[in-house]
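Following: one structure in structure tokens, then a few remarks.
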Amino acid sequence: MYFNHFNPLFPALHNATFRPTLDNGLLLLSVASVGCLFIGSQAAARQGKQIFVRVHKAILASVSEAT
């Protein structure tokens, strides 16, 4: 859903070369959370928001550990 609906509006990733790996797991979860918003159901939007919150907390925790 991300690459079909969001990426054409804001082309941040190149679909043909994006490969999910352990190194870009947070990016993959971010893509999934945005994609959930385009499914169209309230349950999917709720799940997308939960994924976003978890990714955000993980990033904040990793930043605070680094400082």
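Residues in the structure tokens are named by chain (A, B, ... in the order shown) and by number from 1 within that chain; ligands are numbered from 1 in the order shown.
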*Using only C-alpha atoms, determine which residues lie at most 12 Å from His14 (chain A), disregarding the query and same-chain residues fewer than 6 positions distant; provide the list as a list in words.*
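Selected residues are Tyr2, Phe3, Asn4, Asn7 and Pro8 of chain A.
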*asked:* List as a PyMOL selection string the protein and nucleic acid residues near region 38-54 of chain A, meaning an atom at most 7 Å away when only C-alpha atoms are counted, but skip any in the same chain fewer than 4 places from it.
replied: chain A and resi 1+29-30+33-34+58
*So which residues of chain A fall under helix (DSSP H, G or I) by DSSP, listed as an MDAnalysis selection string?*
chainID A and resid 2:6 22:37 42:66
Please, could you write that set of residues out with C-alpha atoms as an mmCIF file, in the first residue's frame?
data_model
loop_
_atom_site.group_PDB
_atom_site.id
_atom_site.type_symbol
_atom_site.label_atom_id
_atom_site.label_comp_id
_atom_site.auth_asym_id
_atom_site.auth_seq_id
_atom_site.Cartn_x
_atom_site.Cartn_y
_atom_site.Cartn_z
ATOM 1 C CA TYR A 2 2.878 2.360 0.760
ATOM 2 C CA PHE A 3 4.458 2.034 -2.669
ATOM 3 C CA ASN A 4 1.106 2.151 -4.483
ATOM 4 C CA HIS A 5 -0.414 5.148 -2.705
ATOM 5 C CA PHE A 6 2.076 7.140 -0.625
ATOM 6 C CA LEU A 22 17.884 -6.331 9.609
ATOM 7 C CA ASP A 23 19.750 -3.057 9.146
ATOM 8 C CA ASN A 24 16.686 -1.147 7.910
ATOM 9 C CA GLY A 25 14.021 -2.789 10.069
ATOM 10 C CA LEU A 26 12.822 0.506 11.537
ATOM 11 C CA LEU A 27 12.421 1.886 8.038
ATOM 12 C CA LEU A 28 10.404 -1.175 7.030
ATOM 13 C CA LEU A 29 8.123 -0.758 10.049
ATOM 14 C CA SER A 30 7.686 2.928 9.173
ATOM 15 C CA VAL A 31 6.702 1.982 5.617
ATOM 16 C CA ALA A 32 4.243 -0.558 7.013
ATOM 17 C CA SER A 33 2.700 1.987 9.366
ATOM 18 C CA VAL A 34 2.124 4.469 6.536
ATOM 19 C CA GLY A 35 0.788 1.699 4.298
ATOM 20 C CA CYS A 36 -1.750 0.761 6.974
ATOM 21 C CA LEU A 37 -3.279 4.215 6.714
ATOM 22 C CA GLN A 42 -10.280 1.852 11.139
ATOM 23 C CA ALA A 43 -8.595 -1.316 12.401
ATOM 24 C CA ALA A 44 -5.742 -0.941 9.897
ATOM 25 C CA ALA A 45 -5.329 2.751 10.743
ATOM 26 C CA ARG A 46 -5.238 1.888 14.452
ATOM 27 C CA GLN A 47 -2.594 -0.791 13.794
ATOM 28 C CA GLY A 48 -0.559 1.661 11.704
ATOM 29 C CA LYS A 49 -0.614 4.186 14.521
ATOM 30 C CA GLN A 50 0.515 1.531 17.015
ATOM 31 C CA ILE A 51 3.406 0.546 14.763
ATOM 32 C CA PHE A 52 4.398 4.203 14.413
ATOM 33 C CA VAL A 53 4.378 4.747 18.180
ATOM 34 C CA ARG A 54 6.558 1.676 18.737
ATOM 35 C CA VAL A 55 9.040 2.735 16.051
ATOM 36 C CA HIS A 56 9.163 6.241 17.481
ATOM 37 C CA LYS A 57 9.840 4.907 20.994
ATOM 38 C CA ALA A 58 12.556 2.585 19.666
ATOM 39 C CA ILE A 59 14.278 5.471 17.898
ATOM 40 C CA LEU A 60 14.076 7.685 20.983
ATOM 41 C CA ALA A 61 15.480 4.891 23.145
ATOM 42 C CA SER A 62 18.389 4.303 20.772
ATOM 43 C CA VAL A 63 19.171 8.022 20.642
ATOM 44 C CA SER A 64 19.096 8.376 24.428
ATOM 45 C CA GLU A 65 21.405 5.341 24.790
ATOM 46 C CA ALA A 66 23.884 6.879 22.369
#
